[in-house]
Structures are given as C-alpha cells and as structure tokens.
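Listing of work33.tsv; format and content: TSV, C-alpha atoms and all ligand atoms.
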chain	number	residue	atom	x	y	z
A	800	MET	CA	168.58	140.01	152.45
A	801	ALA	CA	166.51	141.44	155.34
A	802	ALA	CA	166.49	145.21	155.57
A	803	ARG	CA	167.45	146.82	158.89
A	804	ASP	CA	163.87	147.97	159.51
A	805	ASP	CA	162.26	144.62	158.70
A	806	PRO	CA	160.15	143.27	161.56
A	807	PRO	CA	161.61	140.27	163.38
A	808	ASN	CA	160.62	136.89	161.98
A	809	THR	CA	156.86	136.43	162.31
A	810	ALA	CA	154.32	133.91	161.01
A	811	ARG	CA	154.68	134.23	157.22
A	812	PRO	CA	157.83	136.09	156.23
A	813	ALA	CA	160.19	133.11	155.97
A	814	ASP	CA	157.87	131.25	153.60
A	815	ASP	CA	157.08	134.44	151.76
A	816	ARG	CA	160.72	135.27	151.15
A	817	THR	CA	161.37	131.80	149.75
A	818	TRP	CA	158.25	131.94	147.60
A	819	SER	CA	159.22	135.37	146.28
A	820	ALA	CA	162.70	134.10	145.44
A	821	VAL	CA	161.23	131.21	143.44
A	822	ARG	CA	158.79	133.55	141.68
A	823	ASP	CA	161.68	135.85	140.77
A	824	GLN	CA	163.67	132.92	139.36
A	825	ALA	CA	160.66	131.79	137.32
A	826	ALA	CA	160.45	135.29	135.82
A	827	ASP	CA	163.68	134.49	133.93
A	828	CYS	CA	162.76	130.92	132.97
A	829	ARG	CA	164.04	129.80	129.56
A	830	ALA	CA	163.29	126.08	130.01
A	831	CYS	CA	161.11	125.98	126.88
A	832	PRO	CA	160.59	128.34	123.93
A	833	LEU	CA	157.30	129.77	125.24
A	834	TRP	CA	159.03	132.60	127.15
A	835	GLU	CA	160.07	134.41	123.99
A	836	PRO	CA	156.79	135.54	122.44
A	837	ALA	CA	155.07	135.82	125.85
A	838	THR	CA	154.99	139.12	127.71
A	839	GLN	CA	155.97	137.67	131.05
A	840	THR	CA	155.97	134.64	133.33
A	841	VAL	CA	152.65	134.37	135.15
A	842	PHE	CA	153.46	132.80	138.48
A	843	GLY	CA	150.89	131.63	141.03
A	844	GLU	CA	149.37	133.91	143.64
A	845	GLY	CA	147.72	133.57	147.01
A	846	PRO	CA	148.56	132.84	150.61
A	847	VAL	CA	151.68	130.83	151.44
A	848	PRO	CA	150.92	128.38	152.96
A	849	ALA	CA	147.34	127.78	151.81
A	850	GLN	CA	144.92	124.96	152.53
A	851	VAL	CA	143.64	124.82	148.94
A	852	MET	CA	145.52	125.18	145.65
A	853	LEU	CA	143.83	125.34	142.25
A	854	VAL	CA	145.96	124.54	139.21
A	855	GLY	CA	144.91	125.66	135.73
A	856	GLU	CA	146.52	125.10	132.34
A	857	GLN	CA	148.40	128.24	131.37
A	858	PRO	CA	147.85	132.00	131.35
A	859	GLY	CA	145.61	133.37	128.61
A	860	ASP	CA	145.82	136.66	126.74
A	861	ARG	CA	144.68	138.82	129.69
A	862	GLU	CA	146.82	136.97	132.20
A	863	ASP	CA	149.85	137.41	129.95
A	864	ASP	CA	149.23	141.18	129.87
A	865	GLU	CA	148.49	141.55	133.57
A	866	GLY	CA	150.94	139.00	134.98
A	867	ARG	CA	148.29	137.37	137.20
A	868	PRO	CA	146.49	134.01	136.87
A	869	PHE	CA	142.78	133.77	136.10
A	870	VAL	CA	141.97	137.43	135.41
A	871	GLY	CA	140.39	136.87	131.96
A	872	PRO	CA	137.15	135.17	130.83
A	873	ALA	CA	138.04	131.79	132.41
A	874	GLY	CA	138.87	133.64	135.62
A	875	ARG	CA	135.41	135.20	135.64
A	876	VAL	CA	133.85	131.71	135.44
A	877	LEU	CA	136.11	130.57	138.27
A	878	ASP	CA	135.24	133.65	140.37
A	879	ARG	CA	131.55	132.94	139.90
A	880	ALA	CA	132.06	129.31	141.01
A	881	LEU	CA	134.03	130.42	144.07
A	882	ALA	CA	131.28	132.89	144.98
A	883	ASP	CA	128.64	130.14	144.58
A	884	LEU	CA	130.70	127.97	146.94
A	885	GLY	CA	131.08	130.79	149.46
A	886	LEU	CA	134.84	130.96	148.98
A	887	GLU	CA	137.03	134.04	148.82
A	888	ARG	CA	139.55	133.98	146.00
A	889	SER	CA	142.09	135.52	148.38
A	890	GLU	CA	141.93	132.38	150.60
A	891	LEU	CA	143.17	130.15	147.78
A	892	TYR	CA	146.46	129.73	145.98
A	893	LEU	CA	145.87	129.89	142.21
A	894	THR	CA	148.44	128.80	139.69
A	895	ASN	CA	148.95	127.07	136.35
A	896	ALA	CA	150.77	123.99	135.07
A	897	VAL	CA	152.52	126.18	132.47
A	898	LYS	CA	153.60	129.71	133.35
A	899	HIS	CA	153.78	131.29	129.88
A	900	PHE	CA	150.98	131.98	127.41
A	901	LYS	CA	151.19	129.78	124.30
A	902	PHE	CA	149.50	131.36	121.32
A	903	GLU	CA	149.42	131.69	117.57
A	904	GLN	CA	149.38	135.22	116.19
A	905	ARG	CA	146.56	135.71	113.65
A	906	GLY	CA	146.53	139.28	112.52
A	907	LYS	CA	146.11	141.32	115.67
A	908	ARG	CA	144.68	138.40	117.65
A	909	ARG	CA	146.63	135.98	119.78
A	910	ILE	CA	144.90	132.61	119.64
A	911	HIS	CA	145.40	130.26	122.60
A	912	GLN	CA	147.22	127.01	121.83
A	913	PRO	CA	147.23	124.12	124.28
A	914	PRO	CA	150.66	123.44	125.77
A	915	GLY	CA	152.47	120.31	124.58
A	916	ALA	CA	153.83	117.56	126.82
A	917	ALA	CA	157.36	119.00	126.56
A	918	GLU	CA	156.19	122.42	127.77
A	919	VAL	CA	154.21	120.93	130.65
A	920	LYS	CA	157.29	118.92	131.62
A	921	ALA	CA	159.65	121.89	131.34
A	922	CYS	CA	157.41	123.92	133.64
A	923	HIS	CA	156.85	121.13	136.14
A	924	PRO	CA	159.69	122.13	138.52
A	925	TRP	CA	157.97	125.49	139.17
A	926	LEU	CA	154.74	123.76	140.11
A	927	GLU	CA	156.69	121.36	142.33
A	928	SER	CA	158.31	124.34	144.06
A	929	GLU	CA	154.94	125.99	144.60
A	930	LEU	CA	153.54	122.76	146.07
A	931	ALA	CA	156.50	122.46	148.42
A	932	LEU	CA	156.12	126.05	149.64
A	933	VAL	CA	152.33	126.35	149.72
A	934	ARG	CA	151.87	122.86	151.23
A	935	PRO	CA	148.16	122.63	150.31
A	936	GLU	CA	146.00	119.99	151.89
A	937	LEU	CA	143.79	119.93	148.79
A	938	VAL	CA	144.92	120.44	145.19
A	939	VAL	CA	142.21	120.73	142.54
A	940	LEU	CA	143.47	120.26	138.99
A	941	LEU	CA	141.46	122.24	136.46
A	942	GLY	CA	141.47	120.47	133.12
A	943	ALA	CA	143.64	117.93	131.32
A	944	SER	CA	146.94	119.87	131.19
A	945	ALA	CA	147.02	120.40	134.96
A	946	ALA	CA	145.99	116.77	135.52
A	947	LYS	CA	148.71	115.53	133.14
A	948	SER	CA	151.30	117.64	134.91
A	949	LEU	CA	150.64	116.09	138.32
A	950	LEU	CA	148.99	112.75	137.59
A	951	GLY	CA	150.51	111.67	134.28
A	952	SER	CA	149.06	111.13	130.83
A	953	GLY	CA	146.91	108.14	131.86
A	954	PHE	CA	144.57	110.30	133.95
A	955	ARG	CA	141.20	111.12	132.38
A	956	VAL	CA	139.34	114.13	133.81
A	957	THR	CA	136.16	113.00	132.06
A	958	GLN	CA	136.16	109.72	134.00
A	959	GLN	CA	137.89	110.59	137.28
A	960	HIS	CA	136.61	114.07	138.11
A	961	GLY	CA	135.60	115.07	141.63
A	962	VAL	CA	137.19	112.14	143.45
A	963	ALA	CA	140.45	112.03	145.39
A	964	VAL	CA	143.36	110.44	143.57
A	965	PRO	CA	146.39	109.10	145.48
A	966	SER	CA	149.29	111.47	145.01
A	967	PRO	CA	152.48	112.37	146.86
A	968	HIS	CA	151.75	116.07	146.23
A	969	ALA	CA	149.04	116.63	148.83
A	970	ARG	CA	146.73	114.73	151.15
A	971	LEU	CA	143.91	115.29	148.66
A	972	VAL	CA	144.27	115.72	144.91
A	973	THR	CA	141.18	115.94	142.72
A	974	ALA	CA	140.37	117.15	139.21
A	975	THR	CA	137.55	118.81	137.36
A	976	ILE	CA	137.02	120.47	133.99
A	977	HIS	CA	138.75	123.73	133.19
A	978	PRO	CA	136.60	126.88	133.50
A	979	SER	CA	137.23	127.61	129.81
A	980	ALA	CA	135.59	124.26	128.98
A	981	VAL	CA	132.44	125.78	130.50
A	982	LEU	CA	132.76	128.71	128.08
A	983	ARG	CA	133.30	126.34	125.16
A	984	ALA	CA	130.28	124.14	126.05
A	985	ARG	CA	128.00	126.19	123.82
A	986	GLY	CA	124.88	124.03	123.89
A	987	ASP	CA	125.01	123.17	127.54
A	988	ARG	CA	127.02	125.71	129.42
A	989	ASP	CA	124.81	125.49	132.50
A	990	THR	CA	125.33	121.74	132.82
A	991	ALA	CA	129.10	122.07	132.36
A	992	TYR	CA	129.22	124.84	134.96
A	993	ALA	CA	127.10	122.85	137.43
A	994	GLY	CA	129.40	119.84	136.97
A	995	MET	CA	132.49	121.90	137.70
A	996	VAL	CA	130.91	123.45	140.80
A	997	ALA	CA	129.74	120.01	142.01
A	998	ASP	CA	133.30	118.67	141.65
A	999	LEU	CA	134.74	121.65	143.52
A	1000	ARG	CA	132.12	121.21	146.25
A	1001	SER	CA	132.79	117.49	146.69
A	1002	SER	CA	136.54	118.20	146.74
A	1003	LEU	CA	136.13	120.80	149.48
A	1004	GLU	CA	133.90	118.42	151.46
A	1005	LEU	CA	136.79	115.96	151.58
A	1006	LEU	CA	138.65	118.49	153.73
A	1007	ALA	CA	136.12	118.24	156.53
B	1101	LIG	N1	143.35	129.64	131.93
B	1101	LIG	C1	144.20	129.05	132.78
B	1101	LIG	O1	144.38	127.85	132.78
B	1101	LIG	N2	144.83	129.79	133.62
B	1101	LIG	C2	144.68	131.09	133.69
B	1101	LIG	O2	145.34	131.71	134.51
B	1101	LIG	C3	143.77	131.68	132.81
B	1101	LIG	C4	143.12	130.94	131.93

Same coordinates, now as structure tokens:
Amino acid sequence: MAARDDPPNTARPADDRTWSAVRDQAADCRACPLWEPATQTVFGEGPVPAQVMLVGEQPGDREDDEGRPFVGPAGRVLDRALADLGLERSELYLTNAVKHFKFEQRGKRRIHQPPGAAEVKACHPWLESELALVRPELVVLLGASAAKSLLGSGFRVTQQHGVAVPSPHARLVTATIHPSAVLRARGDRDTAYAGMVADLRSSLELLA
C-alpha cells in the first residue's frame, strides 16, 4: 500500500511495485526442494522495464550468499564481456532460469549441480513473471538451462547460438554459452570468451 508521503504516480513506480511484489512472493517459493538447503531465493535485478534481459542458469555459491545474480566468478566474466561491449550492467535486467542454488555439500565446500528439468519447470513461472514485467525487446539466454527454460529441450546452444529464434517471450530471443563455460574451457578460454562476446554483439546489433 502507498505511504502517505509517497510521490504521486510517476514513470516507474507502478511497475516497480508489481515487480517487488513478485520478488517478495518468490522469496517464499517452495515449488521444488531446492529452497531448503539454499540460503535464499536469488531473484533478478535491473531496471523495470528494460530493453535487454540476460538469463543465466541458477545462482552460484556467492550469489546464494549475497542474494544477487552474477556476483561470483561467472559474474566477473560477464562483467568483462559487458565492458568490452560498452554496456553498463545497470542498464540490463539480469536473472536466472532457476532462483535457488543447487549444490552438493562436500566437506566445507558446496559444489554446483546443474538443475534438473523438474526444477527448471518449477521455477518457470517466476521467469514468465519477470518477462511480463520487464518486457525486454531482446532476451539473451546464457547456456543450456536458460535455453531449455524458454525454448524447450530441442534447442541446442552449440548449433543455434547468436541468432534470433522465434519466441512469444520477446521480439528477439537469442542464446550463447554460459559465462562459466568460458571458465571451464581450460585449453581455449580466449576462444570461448570471444565466441560469447561475438554472440552478445550480434544479438545487440539485432536491436538496431
Ligand atoms: N551462474 C548463473 O547462471 N547465474 C548466476 O547468477 C551466477 C552464476
């Protein structure tokens, strides 16, 4: 409810209030078992609406602690790519297909586990809500889990990266590798990074 001293309705508040309400609901999500060992729901962040939305897989260890997407090692790769493309992170809406960190505890370490189809499906309504509120013109799906969530299991990032795919979710939907795939590409990290940046660049060029 609006407080007495709230300013009258201006450009963003209506959207913002709705977005905040959805984020608050997601904080109590019990749609799959991942909520229990996780520290918190990591919802998306960024302007509402936003022209560009990037969708990752799920929060990692750091994101789970901090409650924000892409603040760990994969986030540093993404930040470098955004800087190389001349983009400000604060201009984009960043989120994930799955909003809780899935991990296996090994001693003191929490080892990332990829989300299963059931977890991606259970989380899908939150992503749908974000898409409806953020209304991006371009959605870039980072990696297979994000691509599966929006484009189904038949989509192959390795074959269909960097090109627009018909989708009801936005005028332009494209995919590229996940920033953590760059970190995993031990022998050829530079090539993997360059490929991801090239896909992001060609996706952004489609906006023109
Ligand atoms: N990997 C993701 O997919 N999302 C994050 O927020 C962090 C790492």

Report the closest atom pair, with its distance in Å rounded to one decimal, for each residue of chain A that has an atom no farther than 10 Å from ligand LIG 1101 (chain B); count only C-alpha atoms and all ligand atoms, sort by chain and then rising residue number, and write it as JSON lines.
{"residue": "A:Val841", "atom": "CA", "partner": "B:LIG1101", "partner_atom": "O2", "distance": 7.8}
{"residue": "A:Phe842", "atom": "CA", "partner": "B:LIG1101", "partner_atom": "O2", "distance": 9.1}
{"residue": "A:Gly843", "atom": "CA", "partner": "B:LIG1101", "partner_atom": "O2", "distance": 8.6}
{"residue": "A:Leu853", "atom": "CA", "partner": "B:LIG1101", "partner_atom": "N2", "distance": 9.8}
{"residue": "A:Val854", "atom": "CA", "partner": "B:LIG1101", "partner_atom": "O1", "distance": 7.4}
{"residue": "A:Gly855", "atom": "CA", "partner": "B:LIG1101", "partner_atom": "O1", "distance": 3.7}
{"residue": "A:Glu856", "atom": "CA", "partner": "B:LIG1101", "partner_atom": "O1", "distance": 3.5}
{"residue": "A:Gln857", "atom": "CA", "partner": "B:LIG1101", "partner_atom": "O1", "distance": 4.3}
{"residue": "A:Pro858", "atom": "CA", "partner": "B:LIG1101", "partner_atom": "C2", "distance": 4.0}
{"residue": "A:Gly859", "atom": "CA", "partner": "B:LIG1101", "partner_atom": "C4", "distance": 4.8}
{"residue": "A:Asp860", "atom": "CA", "partner": "B:LIG1101", "partner_atom": "C3", "distance": 8.1}
{"residue": "A:Arg861", "atom": "CA", "partner": "B:LIG1101", "partner_atom": "C3", "distance": 7.8}
{"residue": "A:Glu862", "atom": "CA", "partner": "B:LIG1101", "partner_atom": "O2", "distance": 5.9}
{"residue": "A:Asp863", "atom": "CA", "partner": "B:LIG1101", "partner_atom": "O2", "distance": 8.6}
{"residue": "A:Gly866", "atom": "CA", "partner": "B:LIG1101", "partner_atom": "O2", "distance": 9.2}
{"residue": "A:Arg867", "atom": "CA", "partner": "B:LIG1101", "partner_atom": "O2", "distance": 6.9}
{"residue": "A:Pro868", "atom": "CA", "partner": "B:LIG1101", "partner_atom": "O2", "distance": 3.5}
{"residue": "A:Phe869", "atom": "CA", "partner": "B:LIG1101", "partner_atom": "O2", "distance": 3.7}
{"residue": "A:Val870", "atom": "CA", "partner": "B:LIG1101", "partner_atom": "C3", "distance": 6.6}
{"residue": "A:Gly871", "atom": "CA", "partner": "B:LIG1101", "partner_atom": "C3", "distance": 6.3}
{"residue": "A:Pro872", "atom": "CA", "partner": "B:LIG1101", "partner_atom": "C4", "distance": 7.4}
{"residue": "A:Ala873", "atom": "CA", "partner": "B:LIG1101", "partner_atom": "C4", "distance": 5.2}
{"residue": "A:Gly874", "atom": "CA", "partner": "B:LIG1101", "partner_atom": "C3", "distance": 6.0}
{"residue": "A:Arg875", "atom": "CA", "partner": "B:LIG1101", "partner_atom": "C3", "distance": 9.5}
{"residue": "A:Val876", "atom": "CA", "partner": "B:LIG1101", "partner_atom": "C4", "distance": 9.9}
{"residue": "A:Leu877", "atom": "CA", "partner": "B:LIG1101", "partner_atom": "C4", "distance": 9.5}
{"residue": "A:Leu893", "atom": "CA", "partner": "B:LIG1101", "partner_atom": "O2", "distance": 7.9}
{"residue": "A:Thr894", "atom": "CA", "partner": "B:LIG1101", "partner_atom": "O2", "distance": 6.7}
{"residue": "A:Asn895", "atom": "CA", "partner": "B:LIG1101", "partner_atom": "N2", "distance": 5.6}
{"residue": "A:Ala896", "atom": "CA", "partner": "B:LIG1101", "partner_atom": "O1", "distance": 7.8}
{"residue": "A:Val897", "atom": "CA", "partner": "B:LIG1101", "partner_atom": "O1", "distance": 8.3}
{"residue": "A:Lys898", "atom": "CA", "partner": "B:LIG1101", "partner_atom": "O2", "distance": 8.6}
{"residue": "A:His899", "atom": "CA", "partner": "B:LIG1101", "partner_atom": "O2", "distance": 9.6}
{"residue": "A:Phe900", "atom": "CA", "partner": "B:LIG1101", "partner_atom": "C2", "distance": 8.9}
{"residue": "A:His911", "atom": "CA", "partner": "B:LIG1101", "partner_atom": "N1", "distance": 9.6}
{"residue": "A:Pro913", "atom": "CA", "partner": "B:LIG1101", "partner_atom": "O1", "distance": 9.7}
{"residue": "A:Leu940", "atom": "CA", "partner": "B:LIG1101", "partner_atom": "O1", "distance": 9.8}
{"residue": "A:Leu941", "atom": "CA", "partner": "B:LIG1101", "partner_atom": "O1", "distance": 7.3}
{"residue": "A:Gly942", "atom": "CA", "partner": "B:LIG1101", "partner_atom": "O1", "distance": 7.9}
{"residue": "A:Ser944", "atom": "CA", "partner": "B:LIG1101", "partner_atom": "O1", "distance": 8.5}
{"residue": "A:Ala945", "atom": "CA", "partner": "B:LIG1101", "partner_atom": "O1", "distance": 8.2}
{"residue": "A:His977", "atom": "CA", "partner": "B:LIG1101", "partner_atom": "O1", "distance": 7.0}
{"residue": "A:Pro978", "atom": "CA", "partner": "B:LIG1101", "partner_atom": "N1", "distance": 7.5}
{"residue": "A:Ser979", "atom": "CA", "partner": "B:LIG1101", "partner_atom": "N1", "distance": 6.8}
{"residue": "A:Ala980", "atom": "CA", "partner": "B:LIG1101", "partner_atom": "N1", "distance": 9.9}

Please save C-alpha atoms of the selected residues as a JSON list (two decimals), in the frame of the given file.
[["chain", "number", "residue", "atom", "x", "y", "z"],
["A", 841, "VAL", "CA", 152.65, 134.37, 135.15],
["A", 842, "PHE", "CA", 153.46, 132.80, 138.48],
["A", 843, "GLY", "CA", 150.89, 131.63, 141.03],
["A", 853, "LEU", "CA", 143.83, 125.34, 142.25],
["A", 854, "VAL", "CA", 145.96, 124.54, 139.21],
["A", 855, "GLY", "CA", 144.91, 125.66, 135.73],
["A", 856, "GLU", "CA", 146.52, 125.10, 132.34],
["A", 857, "GLN", "CA", 148.40, 128.24, 131.37],
["A", 858, "PRO", "CA", 147.85, 132.00, 131.35],
["A", 859, "GLY", "CA", 145.61, 133.37, 128.61],
["A", 860, "ASP", "CA", 145.82, 136.66, 126.74],
["A", 861, "ARG", "CA", 144.68, 138.82, 129.69],
["A", 862, "GLU", "CA", 146.82, 136.97, 132.20],
["A", 863, "ASP", "CA", 149.85, 137.41, 129.95],
["A", 866, "GLY", "CA", 150.94, 139.00, 134.98],
["A", 867, "ARG", "CA", 148.29, 137.37, 137.20],
["A", 868, "PRO", "CA", 146.49, 134.01, 136.87],
["A", 869, "PHE", "CA", 142.78, 133.77, 136.10],
["A", 870, "VAL", "CA", 141.97, 137.43, 135.41],
["A", 871, "GLY", "CA", 140.39, 136.87, 131.96],
["A", 872, "PRO", "CA", 137.15, 135.17, 130.83],
["A", 873, "ALA", "CA", 138.04, 131.79, 132.41],
["A", 874, "GLY", "CA", 138.87, 133.64, 135.62],
["A", 875, "ARG", "CA", 135.41, 135.20, 135.64],
["A", 876, "VAL", "CA", 133.85, 131.71, 135.44],
["A", 877, "LEU", "CA", 136.11, 130.57, 138.27],
["A", 893, "LEU", "CA", 145.87, 129.89, 142.21],
["A", 894, "THR", "CA", 148.44, 128.80, 139.69],
["A", 895, "ASN", "CA", 148.95, 127.07, 136.35],
["A", 896, "ALA", "CA", 150.77, 123.99, 135.07],
["A", 897, "VAL", "CA", 152.52, 126.18, 132.47],
["A", 898, "LYS", "CA", 153.60, 129.71, 133.35],
["A", 899, "HIS", "CA", 153.78, 131.29, 129.88],
["A", 900, "PHE", "CA", 150.98, 131.98, 127.41],
["A", 911, "HIS", "CA", 145.40, 130.26, 122.60],
["A", 913, "PRO", "CA", 147.23, 124.12, 124.28],
["A", 940, "LEU", "CA", 143.47, 120.26, 138.99],
["A", 941, "LEU", "CA", 141.46, 122.24, 136.46],
["A", 942, "GLY", "CA", 141.47, 120.47, 133.12],
["A", 944, "SER", "CA", 146.94, 119.87, 131.19],
["A", 945, "ALA", "CA", 147.02, 120.40, 134.96],
["A", 977, "HIS", "CA", 138.75, 123.73, 133.19],
["A", 978, "PRO", "CA", 136.60, 126.88, 133.50],
["A", 979, "SER", "CA", 137.23, 127.61, 129.81],
["A", 980, "ALA", "CA", 135.59, 124.26, 128.98]]

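Counting only C-alpha atoms, the residue from A:Gly845, A:Glu936, A:Phe902, A:Arg955 that sits nearest to Pro832 (chain A) is A:Phe902.
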
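Ranking A:Glu887, A:Glu865, A:Glu844, A:Asp878 by their shortest atom-to-atom distance to Trp818 (chain A), with only C-alpha atoms included, puts A:Glu844 first.
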
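Put simply, CA of Ala921 (chain A) is 25.8 Å away from CA of Ala963 (chain A).
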
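The spacing separating CA of Pro924 (chain A) from CA of Ser966 (chain A) amounts to 16.2 Å.
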
Which is closer to Glu1004 (chain A) than all the others in A:Gln904, A:Thr973, A:Thr990, A:Ser928, using all atoms listed in the file?
A:Thr973

Shell around Pro965 (chain A) at 12 Å using only C-alpha atoms, local window under 4 positions removed, as a PyMOL selection string:
chain A and resi 937-938+949-950+954+959+969-974

Using only C-alpha atoms, the residue out of A:Arg983, A:Leu886, A:Val847, A:Tyr992 with shortest distance to Thr817 (chain A) is A:Val847

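Minimum atom-to-atom distance to Cys828 (chain A), evaluated using all atoms listed in the file, belongs to A:Glu918 out of A:Glu918, A:Glu903, A:Met995, A:Asp883.
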
Starting from the incomplete input, reconstruct all heavy atoms of region 909-918 of chain A and report them as a compact mmCIF listing (two decimals), keeping the file's coordinate frame.
# COMPACT_ATOMS: atom_id res chain seq x y z
N ARG A 909 145.75 137.05 119.30
CA ARG A 909 146.63 135.98 119.78
C ARG A 909 145.71 134.82 120.17
O ARG A 909 144.92 134.93 121.10
CB ARG A 909 147.44 136.45 120.98
CG ARG A 909 148.28 137.67 120.65
CD ARG A 909 149.30 137.98 121.72
NE ARG A 909 148.72 138.25 123.04
CZ ARG A 909 149.44 138.41 124.15
NH1 ARG A 909 150.75 138.31 124.10
NH2 ARG A 909 148.84 138.67 125.29
N ILE A 910 145.81 133.73 119.43
CA ILE A 910 144.90 132.61 119.64
C ILE A 910 145.57 131.57 120.53
O ILE A 910 146.66 131.07 120.21
CB ILE A 910 144.50 131.95 118.29
CG1 ILE A 910 144.02 133.02 117.29
CG2 ILE A 910 143.45 130.86 118.50
CD1 ILE A 910 142.74 133.74 117.67
N HIS A 911 144.90 131.24 121.63
CA HIS A 911 145.40 130.26 122.60
C HIS A 911 145.73 128.93 121.92
O HIS A 911 144.95 128.44 121.10
CB HIS A 911 144.30 130.07 123.66
CG HIS A 911 144.45 128.83 124.48
ND1 HIS A 911 143.99 127.59 124.07
CD2 HIS A 911 145.02 128.62 125.68
CE1 HIS A 911 144.26 126.69 125.01
NE2 HIS A 911 144.89 127.29 126.00
N GLN A 912 146.85 128.37 122.28
CA GLN A 912 147.22 127.01 121.83
C GLN A 912 147.46 126.16 123.07
O GLN A 912 148.13 126.64 124.01
CB GLN A 912 148.52 127.04 121.02
CG GLN A 912 148.47 127.90 119.78
CD GLN A 912 147.53 127.34 118.73
OE1 GLN A 912 147.60 126.16 118.41
NE2 GLN A 912 146.63 128.17 118.23
N PRO A 913 146.97 124.95 123.09
CA PRO A 913 147.23 124.12 124.28
C PRO A 913 148.72 123.80 124.41
O PRO A 913 149.40 123.59 123.40
CB PRO A 913 146.41 122.85 124.02
CG PRO A 913 146.11 122.85 122.56
CD PRO A 913 146.17 124.27 122.07
N PRO A 914 149.24 123.76 125.63
CA PRO A 914 150.66 123.44 125.77
C PRO A 914 150.91 121.97 125.42
O PRO A 914 150.06 121.11 125.64
CB PRO A 914 150.92 123.69 127.27
CG PRO A 914 149.59 123.56 127.93
CD PRO A 914 148.57 123.97 126.91
N GLY A 915 152.09 121.69 124.89
CA GLY A 915 152.47 120.31 124.58
C GLY A 915 153.09 119.65 125.81
O GLY A 915 153.41 120.31 126.80
N ALA A 916 153.28 118.32 125.69
CA ALA A 916 153.83 117.56 126.82
C ALA A 916 155.20 118.10 127.23
O ALA A 916 155.53 118.17 128.42
CB ALA A 916 153.93 116.08 126.44
N ALA A 917 156.01 118.51 126.24
CA ALA A 917 157.36 119.00 126.56
C ALA A 917 157.29 120.30 127.37
O ALA A 917 158.09 120.52 128.28
CB ALA A 917 158.15 119.21 125.28
N GLU A 918 156.32 121.15 127.04
CA GLU A 918 156.19 122.42 127.77
C GLU A 918 155.68 122.19 129.19
O GLU A 918 156.14 122.81 130.14
CB GLU A 918 155.27 123.36 126.98
CG GLU A 918 155.92 123.87 125.71
CD GLU A 918 155.02 123.94 124.50
OE1 GLU A 918 153.82 123.62 124.60
OE2 GLU A 918 155.54 124.30 123.43
